[in-house]
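Structure file target_21.cif with mmCIF, C-alpha atoms; chains and numbers go by the auth columns:
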```
data_coords
loop_
_atom_site.group_PDB
_atom_site.id
_atom_site.type_symbol
_atom_site.label_atom_id
_atom_site.label_comp_id
_atom_site.label_asym_id
_atom_site.label_seq_id
_atom_site.Cartn_x
_atom_site.Cartn_y
_atom_site.Cartn_z
_atom_site.B_iso_or_equiv
_atom_site.auth_seq_id
_atom_site.auth_asym_id
ATOM 1 C CA MET A 1 107.375 143.179 4.980 0.00 25 A
ATOM 2 C CA ILE A 2 106.614 146.235 2.868 0.00 26 A
ATOM 3 C CA LEU A 3 105.404 149.711 3.812 0.00 27 A
ATOM 4 C CA GLU A 4 103.958 151.417 0.768 0.00 28 A
ATOM 5 C CA ARG A 5 101.546 154.143 -0.246 0.00 29 A
ATOM 6 C CA CYS A 6 99.216 152.410 -2.694 0.00 30 A
ATOM 7 C CA PRO A 7 96.755 154.062 -5.120 0.00 31 A
ATOM 8 C CA VAL A 8 93.138 152.941 -4.880 0.00 32 A
ATOM 9 C CA THR A 9 91.637 151.777 -8.170 0.00 33 A
ATOM 10 C CA GLY A 10 88.031 151.254 -7.061 0.00 34 A
ATOM 11 C CA VAL A 11 85.471 150.169 -4.470 0.00 35 A
ATOM 12 C CA ARG A 12 82.483 147.967 -5.270 0.00 36 A
ATOM 13 C CA LYS A 13 79.628 146.507 -3.292 0.00 37 A
ATOM 14 C CA ALA A 14 79.796 142.748 -2.659 0.00 38 A
ATOM 15 C CA GLY A 15 76.731 142.214 -0.465 0.00 39 A
ATOM 16 C CA ASP A 16 74.691 143.699 2.368 0.00 40 A
ATOM 17 C CA GLY A 17 77.162 146.118 3.931 0.00 41 A
ATOM 18 C CA MET A 18 80.074 144.286 2.284 0.00 42 A
ATOM 19 C CA HIS A 19 82.503 146.040 -0.045 0.00 43 A
ATOM 20 C CA VAL A 20 85.620 145.130 -2.033 0.00 44 A
ATOM 21 C CA LEU A 21 88.394 147.710 -2.340 0.00 45 A
ATOM 22 C CA ALA A 22 91.131 147.344 -4.939 0.00 46 A
ATOM 23 C CA PHE A 23 94.533 149.014 -4.907 0.00 47 A
ATOM 24 C CA THR A 24 97.764 148.677 -6.843 0.00 48 A
ATOM 25 C CA SER A 25 101.053 147.339 -5.470 0.00 49 A
ATOM 26 C CA ARG A 26 103.339 145.057 -7.430 0.00 50 A
ATOM 27 C CA ALA A 27 105.569 144.430 -4.397 0.00 51 A
ATOM 28 C CA ILE A 28 102.672 143.297 -2.201 0.00 52 A
ATOM 29 C CA GLY A 29 100.776 141.552 -4.977 0.00 53 A
ATOM 30 C CA THR A 30 103.720 139.358 -5.900 0.00 54 A
ATOM 31 C CA SER A 31 104.765 138.493 -2.328 0.00 55 A
ATOM 32 C CA ILE A 32 101.597 137.935 -0.307 0.00 56 A
ATOM 33 C CA ARG A 33 100.524 134.354 0.456 0.00 57 A
ATOM 34 C CA PRO A 34 97.035 133.025 1.267 0.00 58 A
ATOM 35 C CA GLY A 35 96.049 133.720 4.863 0.00 59 A
ATOM 36 C CA GLN A 36 98.439 136.613 5.365 0.00 60 A
ATOM 37 C CA PHE A 37 97.027 140.052 6.098 0.00 61 A
ATOM 38 C CA LEU A 38 97.631 143.732 5.475 0.00 62 A
ATOM 39 C CA ASN A 39 97.563 146.453 8.135 0.00 63 A
ATOM 40 C CA ILE A 40 96.083 149.570 6.573 0.00 64 A
ATOM 41 C CA ARG A 41 96.002 153.159 7.780 0.00 65 A
ATOM 42 C CA VAL A 42 92.657 154.219 6.386 0.00 66 A
ATOM 43 C CA GLU A 43 93.114 158.001 6.760 0.00 67 A
ATOM 44 C CA GLU A 44 95.931 160.498 7.116 0.00 68 A
ATOM 45 C CA GLY A 45 96.456 161.903 10.613 0.00 69 A
ATOM 46 C CA ILE A 46 95.420 160.329 13.920 0.00 70 A
ATOM 47 C CA ASP A 47 91.670 159.804 13.530 0.00 71 A
ATOM 48 C CA PRO A 48 91.322 156.866 13.409 0.00 72 A
ATOM 49 C CA LEU A 49 94.705 156.265 15.014 0.00 73 A
ATOM 50 C CA LEU A 50 95.328 152.539 14.597 0.00 74 A
ATOM 51 C CA ARG A 51 95.740 150.563 11.424 0.00 75 A
ATOM 52 C CA ARG A 52 93.051 148.044 10.475 0.00 76 A
ATOM 53 C CA PRO A 53 93.956 144.426 9.551 0.00 77 A
ATOM 54 C CA PHE A 54 92.487 142.919 6.377 0.00 78 A
ATOM 55 C CA SER A 55 93.096 139.537 4.770 0.00 79 A
ATOM 56 C CA ALA A 56 94.132 139.632 1.153 0.00 80 A
ATOM 57 C CA TYR A 57 90.970 138.707 -0.754 0.00 81 A
ATOM 58 C CA ARG A 58 92.213 138.426 -4.323 0.00 82 A
ATOM 59 C CA VAL A 59 95.481 139.177 -6.092 0.00 83 A
ATOM 60 C CA ALA A 60 96.258 139.450 -9.794 0.00 84 A
ATOM 61 C CA ALA A 61 99.801 140.637 -10.582 0.00 85 A
ATOM 62 C CA ASP A 62 99.942 144.154 -9.106 0.00 86 A
ATOM 63 C CA ALA A 63 96.203 144.375 -8.290 0.00 87 A
ATOM 64 C CA VAL A 64 95.258 143.587 -4.678 0.00 88 A
ATOM 65 C CA GLU A 65 91.748 143.394 -3.220 0.00 89 A
ATOM 66 C CA ILE A 66 90.397 143.377 0.331 0.00 90 A
ATOM 67 C CA ILE A 67 86.802 142.752 1.432 0.00 91 A
ATOM 68 C CA PHE A 68 85.199 144.334 4.491 0.00 92 A
ATOM 69 C CA ASN A 69 81.983 145.091 6.336 0.00 93 A
ATOM 70 C CA VAL A 70 81.166 148.700 7.157 0.00 94 A
ATOM 71 C CA VAL A 71 81.087 148.765 10.962 0.00 95 A
ATOM 72 C CA GLY A 72 82.670 152.052 12.048 0.00 96 A
ATOM 73 C CA ARG A 73 84.675 155.112 11.063 0.00 97 A
ATOM 74 C CA GLY A 74 87.601 153.176 9.613 0.00 98 A
ATOM 75 C CA THR A 75 85.615 150.948 7.294 0.00 99 A
ATOM 76 C CA SER A 76 83.281 153.825 6.415 0.00 100 A
ATOM 77 C CA ALA A 77 86.340 155.743 5.256 0.00 101 A
ATOM 78 C CA LEU A 78 87.414 152.787 3.114 0.00 102 A
ATOM 79 C CA ARG A 79 83.963 152.524 1.545 0.00 103 A
ATOM 80 C CA ASP A 80 84.175 156.170 0.527 0.00 104 A
ATOM 81 C CA LYS A 81 87.574 155.927 -1.182 0.00 105 A
ATOM 82 C CA ARG A 82 87.728 156.931 -4.810 0.00 106 A
ATOM 83 C CA PRO A 83 90.130 155.975 -7.621 0.00 107 A
ATOM 84 C CA GLY A 84 93.360 157.889 -7.131 0.00 108 A
ATOM 85 C CA ASP A 85 93.101 158.087 -3.350 0.00 109 A
ATOM 86 C CA VAL A 86 96.112 156.654 -1.543 0.00 110 A
ATOM 87 C CA LEU A 87 96.285 154.035 1.225 0.00 111 A
ATOM 88 C CA ASP A 88 99.207 153.552 3.617 0.00 112 A
ATOM 89 C CA VAL A 89 99.631 149.733 3.555 0.00 113 A
ATOM 90 C CA LEU A 90 101.904 147.561 5.705 0.00 114 A
ATOM 91 C CA GLY A 91 102.356 143.918 4.718 0.00 115 A
ATOM 92 C CA PRO A 92 102.319 141.070 3.981 0.00 116 A
ATOM 93 C CA LEU A 93 102.044 140.093 7.647 0.00 117 A
ATOM 94 C CA GLY A 94 101.413 136.930 9.614 0.00 118 A
ATOM 95 C CA VAL A 95 101.594 133.191 9.036 0.00 119 A
ATOM 96 C CA PRO A 96 99.917 131.889 5.847 0.00 120 A
ATOM 97 C CA PHE A 97 97.827 128.759 5.366 0.00 121 A
ATOM 98 C CA GLY A 98 99.739 125.526 4.774 0.00 122 A
ATOM 99 C CA TYR A 99 98.167 125.092 1.351 0.00 123 A
ATOM 100 C CA ASP A 100 101.271 123.496 -0.159 0.00 124 A
ATOM 101 C CA ALA A 101 102.005 121.053 2.661 0.00 125 A
ATOM 102 C CA PRO A 102 102.107 117.344 1.804 0.00 126 A
ATOM 103 C CA GLY A 103 99.640 114.811 3.180 0.00 127 A
ATOM 104 C CA PHE A 104 96.280 115.922 1.793 0.00 128 A
ATOM 105 C CA GLU A 105 94.496 115.803 -1.541 0.00 129 A
ATOM 106 C CA THR A 106 91.213 117.636 -0.919 0.00 130 A
ATOM 107 C CA ALA A 107 91.074 121.101 0.613 0.00 131 A
ATOM 108 C CA VAL A 108 87.832 121.729 2.478 0.00 132 A
ATOM 109 C CA LEU A 109 87.320 125.481 2.797 0.00 133 A
ATOM 110 C CA ILE A 110 84.826 126.701 5.420 0.00 134 A
ATOM 111 C CA GLY A 111 83.969 130.387 5.794 0.00 135 A
ATOM 112 C CA GLY A 112 81.419 132.248 7.863 0.00 136 A
ATOM 113 C CA GLY A 113 80.305 135.742 6.850 0.00 137 A
ATOM 114 C CA LEU A 114 83.353 137.918 6.307 0.00 138 A
ATOM 115 C CA GLY A 115 85.441 134.803 6.939 0.00 139 A
ATOM 116 C CA VAL A 116 85.285 134.437 3.165 0.00 140 A
ATOM 117 C CA ALA A 117 88.060 137.059 3.017 0.00 141 A
ATOM 118 C CA PRO A 118 91.119 134.774 2.548 0.00 142 A
ATOM 119 C CA LEU A 119 89.329 132.041 0.594 0.00 143 A
ATOM 120 C CA PRO A 120 89.554 133.309 -3.036 0.00 144 A
ATOM 121 C CA ILE A 121 93.329 133.777 -2.909 0.00 145 A
ATOM 122 C CA LEU A 122 93.618 130.428 -1.102 0.00 146 A
ATOM 123 C CA THR A 123 91.514 128.763 -3.799 0.00 147 A
ATOM 124 C CA GLY A 124 93.865 129.980 -6.502 0.00 148 A
ATOM 125 C CA ALA A 125 96.935 128.746 -4.635 0.00 149 A
ATOM 126 C CA LEU A 126 95.381 125.335 -3.994 0.00 150 A
ATOM 127 C CA ARG A 127 94.500 125.005 -7.658 0.00 151 A
ATOM 128 C CA GLY A 128 98.103 125.796 -8.509 0.00 152 A
ATOM 129 C CA ALA A 129 99.270 123.136 -6.035 0.00 153 A
ATOM 130 C CA GLY A 130 97.097 120.519 -7.747 0.00 154 A
ATOM 131 C CA LYS A 131 94.623 120.089 -4.880 0.00 155 A
ATOM 132 C CA SER A 132 90.886 119.452 -5.183 0.00 156 A
ATOM 133 C CA VAL A 133 88.803 122.168 -3.531 0.00 157 A
ATOM 134 C CA LEU A 134 85.431 121.882 -1.789 0.00 158 A
ATOM 135 C CA THR A 135 83.988 125.095 -0.342 0.00 159 A
ATOM 136 C CA PHE A 136 81.338 125.780 2.303 0.00 160 A
ATOM 137 C CA LEU A 137 80.223 129.344 2.948 0.00 161 A
ATOM 138 C CA GLY A 138 77.664 130.584 5.456 0.00 162 A
ATOM 139 C CA GLY A 139 75.920 133.857 6.217 0.00 163 A
ATOM 140 C CA ARG A 140 72.982 135.271 8.132 0.00 164 A
ATOM 141 C CA THR A 141 71.045 135.790 4.912 0.00 165 A
ATOM 142 C CA ALA A 142 71.699 135.473 1.177 0.00 166 A
ATOM 143 C CA GLY A 143 72.924 139.075 1.151 0.00 167 A
ATOM 144 C CA PHE A 144 75.791 138.171 3.484 0.00 168 A
ATOM 145 C CA VAL A 145 77.175 135.466 1.197 0.00 169 A
ATOM 146 C CA ALA A 146 79.952 136.633 -1.154 0.00 170 A
ATOM 147 C CA GLY A 147 80.681 133.548 -3.221 0.00 171 A
ATOM 148 C CA GLU A 148 82.705 134.906 -6.140 0.00 172 A
ATOM 149 C CA TYR A 149 86.042 133.311 -7.121 0.00 173 A
ATOM 150 C CA LEU A 150 85.299 130.110 -5.150 0.00 174 A
ATOM 151 C CA GLU A 151 85.132 126.504 -6.376 0.00 175 A
ATOM 152 C CA ASN A 152 82.574 123.733 -5.735 0.00 176 A
ATOM 153 C CA LEU A 153 80.596 126.092 -3.514 0.00 177 A
ATOM 154 C CA HIS A 154 77.956 124.957 -1.008 0.00 178 A
ATOM 155 C CA VAL A 155 76.011 127.713 0.786 0.00 179 A
ATOM 156 C CA ALA A 156 74.238 127.803 4.152 0.00 180 A
ATOM 157 C CA THR A 157 72.147 130.670 5.541 0.00 181 A
ATOM 158 C CA ASP A 158 70.701 131.106 9.006 0.00 182 A
ATOM 159 C CA ASP A 159 67.304 132.101 7.618 0.00 183 A
ATOM 160 C CA GLY A 160 67.215 129.643 4.705 0.00 184 A
ATOM 161 C CA SER A 161 67.127 132.397 2.089 0.00 185 A
ATOM 162 C CA LYS A 162 69.862 130.644 0.099 0.00 186 A
ATOM 163 C CA GLY A 163 71.099 127.072 0.126 0.00 187 A
ATOM 164 C CA PHE A 164 71.051 124.967 3.282 0.00 188 A
ATOM 165 C CA HIS A 165 68.896 126.268 6.135 0.00 189 A
ATOM 166 C CA GLY A 166 71.248 126.136 9.110 0.00 190 A
ATOM 167 C CA THR A 167 74.885 126.621 10.022 0.00 191 A
ATOM 168 C CA VAL A 168 77.746 126.215 7.614 0.00 192 A
ATOM 169 C CA VAL A 169 79.363 123.714 9.999 0.00 193 A
ATOM 170 C CA ASP A 170 76.270 121.496 9.922 0.00 194 A
ATOM 171 C CA LEU A 171 76.264 121.714 6.130 0.00 195 A
ATOM 172 C CA ALA A 172 79.924 120.727 5.932 0.00 196 A
ATOM 173 C CA ARG A 173 79.483 117.883 8.424 0.00 197 A
ATOM 174 C CA ASN A 174 76.459 116.485 6.564 0.00 198 A
ATOM 175 C CA THR A 175 78.118 116.737 3.158 0.00 199 A
ATOM 176 C CA LEU A 176 81.441 115.227 4.191 0.00 200 A
ATOM 177 C CA SER A 177 79.713 112.403 6.065 0.00 201 A
ATOM 178 C CA ALA A 178 77.565 111.539 3.045 0.00 202 A
ATOM 179 C CA THR A 179 80.427 111.747 0.532 0.00 203 A
ATOM 180 C CA PRO A 180 83.833 111.532 2.230 0.00 204 A
ATOM 181 C CA PRO A 181 86.522 113.318 0.192 0.00 205 A
ATOM 182 C CA ARG A 182 89.949 111.836 -0.451 0.00 206 A
ATOM 183 C CA ARG A 183 92.503 112.738 2.240 0.00 207 A
ATOM 184 C CA PRO A 184 90.861 116.000 3.327 0.00 208 A
ATOM 185 C CA LYS A 185 92.284 118.986 5.175 0.00 209 A
ATOM 186 C CA ILE A 186 90.101 121.804 6.488 0.00 210 A
ATOM 187 C CA PHE A 187 90.947 125.494 6.107 0.00 211 A
ATOM 188 C CA ALA A 188 88.508 127.733 8.014 0.00 212 A
ATOM 189 C CA CYS A 189 87.972 131.420 8.721 0.00 213 A
ATOM 190 C CA GLY A 190 85.097 133.121 10.509 0.00 214 A
ATOM 191 C CA PRO A 191 83.702 134.047 13.915 0.00 215 A
ATOM 192 C CA THR A 192 85.199 132.320 16.951 0.00 216 A
ATOM 193 C CA ALA A 193 82.044 130.314 17.681 0.00 217 A
ATOM 194 C CA MET A 194 82.089 128.920 14.149 0.00 218 A
ATOM 195 C CA LEU A 195 85.786 128.081 14.362 0.00 219 A
ATOM 196 C CA ARG A 196 85.215 126.321 17.675 0.00 220 A
ATOM 197 C CA ALA A 197 82.554 124.162 16.030 0.00 221 A
ATOM 198 C CA VAL A 198 84.790 123.470 13.018 0.00 222 A
ATOM 199 C CA ALA A 199 87.699 122.486 15.259 0.00 223 A
ATOM 200 C CA GLY A 200 85.480 120.114 17.249 0.00 224 A
ATOM 201 C CA PHE A 201 84.158 118.491 14.096 0.00 225 A
ATOM 202 C CA ALA A 202 87.646 118.153 12.613 0.00 226 A
ATOM 203 C CA LEU A 203 89.024 116.587 15.783 0.00 227 A
ATOM 204 C CA ALA A 204 86.164 114.081 16.019 0.00 228 A
ATOM 205 C CA ALA A 205 86.508 113.176 12.336 0.00 229 A
ATOM 206 C CA GLY A 206 90.300 112.957 12.428 0.00 230 A
ATOM 207 C CA ILE A 207 90.715 115.648 9.757 0.00 231 A
ATOM 208 C CA PRO A 208 93.684 118.076 9.920 0.00 232 A
ATOM 209 C CA CYS A 209 92.409 121.620 10.349 0.00 233 A
ATOM 210 C CA GLU A 210 93.856 125.112 10.119 0.00 234 A
ATOM 211 C CA VAL A 211 91.881 128.127 11.314 0.00 235 A
ATOM 212 C CA SER A 212 92.417 131.802 10.555 0.00 236 A
ATOM 213 C CA LEU A 213 91.456 133.955 13.530 0.00 237 A
ATOM 214 C CA GLU A 214 89.713 137.308 13.329 0.00 238 A
ATOM 215 C CA GLY A 215 90.443 140.133 15.734 0.00 239 A
ATOM 216 C CA PRO A 216 91.965 143.596 16.248 0.00 240 A
ATOM 217 C CA MET A 217 95.700 143.814 15.632 0.00 241 A
ATOM 218 C CA GLY A 218 97.013 147.283 16.411 0.00 242 A
ATOM 219 C CA CYS A 219 100.609 147.082 15.215 0.00 243 A
ATOM 220 C CA GLY A 220 100.467 143.879 13.181 0.00 244 A
ATOM 221 C CA ILE A 221 104.055 142.883 14.006 0.00 245 A
ATOM 222 C CA GLY A 222 103.980 141.756 17.663 0.00 246 A
ATOM 223 C CA ILE A 223 105.137 144.926 19.388 0.00 247 A
ATOM 224 C CA CYS A 224 101.934 146.112 21.083 0.00 248 A
ATOM 225 C CA GLN A 225 101.077 142.645 22.507 0.00 249 A
ATOM 226 C CA GLY A 226 97.407 143.456 21.969 0.00 250 A
ATOM 227 C CA CYS A 227 96.233 140.235 20.265 0.00 251 A
ATOM 228 C CA PRO A 228 96.959 137.287 22.603 0.00 252 A
ATOM 229 C CA VAL A 229 95.762 133.789 21.708 0.00 253 A
ATOM 230 C CA GLU A 230 95.571 131.155 24.458 0.00 254 A
ATOM 231 C CA LEU A 231 97.450 128.001 23.562 0.00 255 A
ATOM 232 C CA ALA A 232 96.494 124.425 24.360 0.00 256 A
ATOM 233 C CA GLY A 233 98.897 122.093 26.162 0.00 257 A
ATOM 234 C CA THR A 234 101.255 122.650 29.065 0.00 258 A
ATOM 235 C CA GLY A 235 104.045 124.699 27.493 0.00 259 A
ATOM 236 C CA LYS A 236 103.872 128.312 26.402 0.00 260 A
ATOM 237 C CA ARG A 237 100.549 129.851 27.470 0.00 261 A
ATOM 238 C CA TYR A 238 99.982 132.501 24.834 0.00 262 A
ATOM 239 C CA ALA A 239 100.817 133.334 21.229 0.00 263 A
ATOM 240 C CA LEU A 240 100.148 136.530 19.292 0.00 264 A
ATOM 241 C CA MET A 241 97.516 136.522 16.573 0.00 265 A
ATOM 242 C CA CYS A 242 99.452 138.911 14.346 0.00 266 A
ATOM 243 C CA LYS A 243 102.929 137.383 14.651 0.00 267 A
ATOM 244 C CA ASP A 244 102.295 133.681 15.339 0.00 268 A
ATOM 245 C CA GLY A 245 99.053 133.589 13.361 0.00 269 A
ATOM 246 C CA PRO A 246 96.486 134.533 12.246 0.00 270 A
ATOM 247 C CA VAL A 247 96.572 130.948 10.934 0.00 271 A
ATOM 248 C CA PHE A 248 96.908 128.200 13.559 0.00 272 A
ATOM 249 C CA ASP A 249 96.555 124.436 13.668 0.00 273 A
ATOM 250 C CA SER A 250 93.197 124.142 15.442 0.00 274 A
ATOM 251 C CA ARG A 251 94.605 121.571 17.886 0.00 275 A
ATOM 252 C CA THR A 252 97.189 124.008 19.250 0.00 276 A
ATOM 253 C CA ILE A 253 94.894 126.801 20.489 0.00 277 A
ATOM 254 C CA LYS A 254 91.935 127.257 22.823 0.00 278 A
ATOM 255 C CA LEU A 255 88.953 128.625 20.936 0.00 279 A
#
```
Show how you would write the structure in this file as structure tokens.
Amino acid sequence: MILERCPVTGVRKAGDGMHVLAFTSRAIGTSIRPGQFLNIRVEEGIDPLLRRPFSAYRVAADAVEIIFNVVGRGTSALRDKRPGDVLDVLGPLGVPFGYDAPGFETAVLIGGGLGVAPLPILTGALRGAGKSVLTFLGGRTAGFVAGEYLENLHVATDDGSKGFHGTVVDLARNTLSATPPRRPKIFACGPTAMLRAVAGFALAAGIPCEVSLEGPMGCGIGICQGCPVELAGTGKRYALMCKDGPVFDSRTIKL
């Protein structure tokens, strides 16, 4: 885990209300793994007080990118950063995806909206591990689909403005049923309702599935206890999203 003040190199628009911010950190860029996140203090002082968690979007040597929607003061402040501004960054944090685990040949990536965030860096790692990659990405409209740096991309939109007219889970289910991939494993990130649908589909189809949860994580290291995740089974009742996740086997949690 690294705490570093990192210079911003730029901010660009990636869609309707979506932006990509790039900063420089060789220590973070060379150590972060797909699915891990960064906890960022977006401004000096106490307003806003808490750090904001962001999945690593793309990494190239010492260049690190995050993607975000503008929803409040914190993300508005990030949108307005300029080259040379400095971010207080804590990371890498959390449990990464099991992209290098044995037992699967085809990685099925499913993202909803800003759930695309960990998928580009995951795609690169899967390619390096010799896995085939099949990607499904959904959004409310075409403007909410950020499909750069992804492989074998299939798009779904709620309004039909791009790709399949319907949910990304329906698109994935239809595609995989029509052309079953070799020894698949699902990696998913997005809203809870989408992840619940993905987990149900994966369980019914007998496909291993990992999900990356989205949510507020104040400290990012398990101290504040502010991000509980209810576990399935009869043992331990709760885990922490920041410390035990954000990536979980979908069979082990209650969505």
Matched chain/residue IDs from the PyMOL selection byres ((chain A and resi 212) around 7), as a list of chain:residue names |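 When the PyMOL selection byres ((chain A and resi 212) around 7) is applied to the shown file, the picked residues are A:Leu133, A:Ile134, A:Gly135, A:Ile210, A:Phe211, A:Cys213, A:Gly214, A:Leu219, A:Glu234, A:Val235, A:Ser236.
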Please identify every residue of range 28-53 of chain A that has at least one atom no farther than 12 Å from an atom of range 137-141 of chain A, counting all atoms listed in the file, and for each give the shortest atom pair and the distance in Å to one decimal, arranged by chain then increasing number, as JSON lines.
```
{"residue": "A:Ala38", "atom": "CA", "partner": "A:Leu138", "partner_atom": "CA", "distance": 10.8}
{"residue": "A:Gly39", "atom": "CA", "partner": "A:Leu138", "partner_atom": "CA", "distance": 10.4}
{"residue": "A:Asp40", "atom": "CA", "partner": "A:Gly137", "partner_atom": "CA", "distance": 10.7}
{"residue": "A:Gly41", "atom": "CA", "partner": "A:Leu138", "partner_atom": "CA", "distance": 10.5}
{"residue": "A:Met42", "atom": "CA", "partner": "A:Leu138", "partner_atom": "CA", "distance": 8.2}
{"residue": "A:His43", "atom": "CA", "partner": "A:Leu138", "partner_atom": "CA", "distance": 10.3}
{"residue": "A:Val44", "atom": "CA", "partner": "A:Ala141", "partner_atom": "CA", "distance": 9.8}
{"residue": "A:Leu45", "atom": "CA", "partner": "A:Ala141", "partner_atom": "CA", "distance": 11.9}
```
What's the 9 Å shell around Ala87 in chain A, counting only C-alpha atoms, without same-chain residues fewer than 2 positions away, as a ChimeraX atom specification?
-> /A:33,46-50,52-53,82-85,89
Name the residues that the PyMOL selection byres ((chain A and resi 114) around 8) picks from the file above, as a list of chain:residue names, using the file's chain letters and numbers.
-> A:Met25, A:Ile26, A:Leu27, A:Glu28, A:Leu62, A:Asn63, A:Ile64, A:Asp112, A:Val113, A:Gly115, A:Pro116, A:Leu117
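Interatomic distance, CA of Cys248 in chain A to CA of Pro58 in chain A: 24.2 Å.
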Could you tell me which residues the PyMOL selection byres ((chain A and resi 100) around 12) returns for this structure, as a PDB file with C-alpha atoms, in the frame of the given file?
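Result file follows (expr.pdb):
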```
ATOM      1  CA  VAL A  35      85.471 150.169  -4.470  1.00  0.00           C
ATOM      2  CA  GLY A  41      77.162 146.118   3.931  1.00  0.00           C
ATOM      3  CA  MET A  42      80.074 144.286   2.284  1.00  0.00           C
ATOM      4  CA  HIS A  43      82.503 146.040  -0.045  1.00  0.00           C
ATOM      5  CA  LEU A  45      88.394 147.710  -2.340  1.00  0.00           C
ATOM      6  CA  VAL A  66      92.657 154.219   6.386  1.00  0.00           C
ATOM      7  CA  GLU A  67      93.114 158.001   6.760  1.00  0.00           C
ATOM      8  CA  PRO A  72      91.322 156.866  13.409  1.00  0.00           C
ATOM      9  CA  PHE A  92      85.199 144.334   4.491  1.00  0.00           C
ATOM     10  CA  ASN A  93      81.983 145.091   6.336  1.00  0.00           C
ATOM     11  CA  VAL A  94      81.166 148.700   7.157  1.00  0.00           C
ATOM     12  CA  VAL A  95      81.087 148.765  10.962  1.00  0.00           C
ATOM     13  CA  GLY A  96      82.670 152.052  12.048  1.00  0.00           C
ATOM     14  CA  ARG A  97      84.675 155.112  11.063  1.00  0.00           C
ATOM     15  CA  GLY A  98      87.601 153.176   9.613  1.00  0.00           C
ATOM     16  CA  THR A  99      85.615 150.948   7.294  1.00  0.00           C
ATOM     17  CA  ALA A 101      86.340 155.743   5.256  1.00  0.00           C
ATOM     18  CA  LEU A 102      87.414 152.787   3.114  1.00  0.00           C
ATOM     19  CA  ARG A 103      83.963 152.524   1.545  1.00  0.00           C
ATOM     20  CA  ASP A 104      84.175 156.170   0.527  1.00  0.00           C
ATOM     21  CA  LYS A 105      87.574 155.927  -1.182  1.00  0.00           C
TER      22      LYS A 105
END
```
Mind checking which residues fall within 10 Å of range 196-208 of chain A, counting all atoms listed in the file, ignoring those fewer than 5 positions away in the same chain, and posting them as a PyMOL selection string?
-> chain A and resi 127-134+155-161+178-180+191+222+225-226+229-233
Counting only C-alpha atoms, the residue among A:Gly242, A:Leu279, A:Ala217, A:Gly122 that lies closest to Glu254 in chain A is A:Leu279
Record the distance separating CA of Asp86 in chain A and CA of Gly167 in chain A, expressed in Å with one decimal.
->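 Taking CA of Asp86 in chain A and CA of Gly167 in chain A, their separation equals 29.3 Å.
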Shell of 12 Å around Gly184 in chain A, all atoms listed in the file, local chain residues under 3 positions omitted, as a ChimeraX atom specification | /A:162-167,179-181,187-192
Residue neighbourhood range 257-264 of chain A, 7 Å, all atoms listed in the file, exclusion window fewer than 6 positions, as a ChimeraX atom specification | /A:246,249,251
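For the pair CA of Leu174 in chain A and CA of Met265 in chain A, the separation is 25.7 Å.
Comparing A:Val193, A:Ala170, A:Met241, A:Leu146 by their smallest distance to Met218 in chain A, the closest is A:Val193 (using only C-alpha atoms).
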Pick from A:Arg65, A:Arg151, A:Arg36, A:Arg29: nearest to Gly244 in chain A, with all atoms listed in the file counted?
-> A:Arg65
Using the file's own x, y and z axes, so that the box edges lie along x, y and z, what centre and edge lengths in Å (one decimal) does a box around every listed atom of range 76-94 of chain A get when 8 Å is added on each side? Give it as AutoDock Vina command-line options.
```
--center_x 90.6 --center_y 143.6 --center_z -0.1 --size_x 34.8 --size_y 26.3 --size_z 37.1
```
Find the residue from A:Cys243, A:Ile277, A:Val88, A:Ala153 that sits nearest to Leu255 in chain A; use all atoms listed in the file when measuring.
-> A:Ile277
Step by step: start from the point (95.6, 161.1, -6.3) in the file's coordinates, keep every protein, DNA or RNA residue that has an atom no farther than 9 Å from it, count only C-alpha atoms, and write the set as a ChimeraX atom specification.
-> /A:31-32,107-110
Write out N, CA and C atoms for range 194-202 of chain A, as a compact mmCIF listing (two decimals), in the frame of the given file.
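As written to disk, result26.txt reads:
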```
# COMPACT_ATOMS: atom_id res chain seq x y z
N ASP A 194 77.19 122.63 10.12
CA ASP A 194 76.27 121.50 9.92
C ASP A 194 76.24 121.07 8.46
N LEU A 195 76.25 122.03 7.56
CA LEU A 195 76.26 121.71 6.13
C LEU A 195 77.52 120.94 5.76
N ALA A 196 78.67 121.41 6.23
CA ALA A 196 79.92 120.73 5.93
C ALA A 196 79.93 119.32 6.53
N ARG A 197 79.50 119.20 7.76
CA ARG A 197 79.48 117.88 8.42
C ARG A 197 78.59 116.91 7.66
N ASN A 198 77.39 117.36 7.29
CA ASN A 198 76.46 116.48 6.56
C ASN A 198 77.02 116.06 5.21
N THR A 199 77.60 117.02 4.50
CA THR A 199 78.12 116.74 3.16
C THR A 199 79.31 115.80 3.20
N LEU A 200 80.24 116.05 4.12
CA LEU A 200 81.44 115.23 4.19
C LEU A 200 81.13 113.83 4.72
N SER A 201 80.11 113.72 5.57
CA SER A 201 79.71 112.40 6.06
C SER A 201 79.06 111.58 4.96
N ALA A 202 78.27 112.25 4.12
CA ALA A 202 77.56 111.54 3.04
C ALA A 202 78.51 111.13 1.92
```
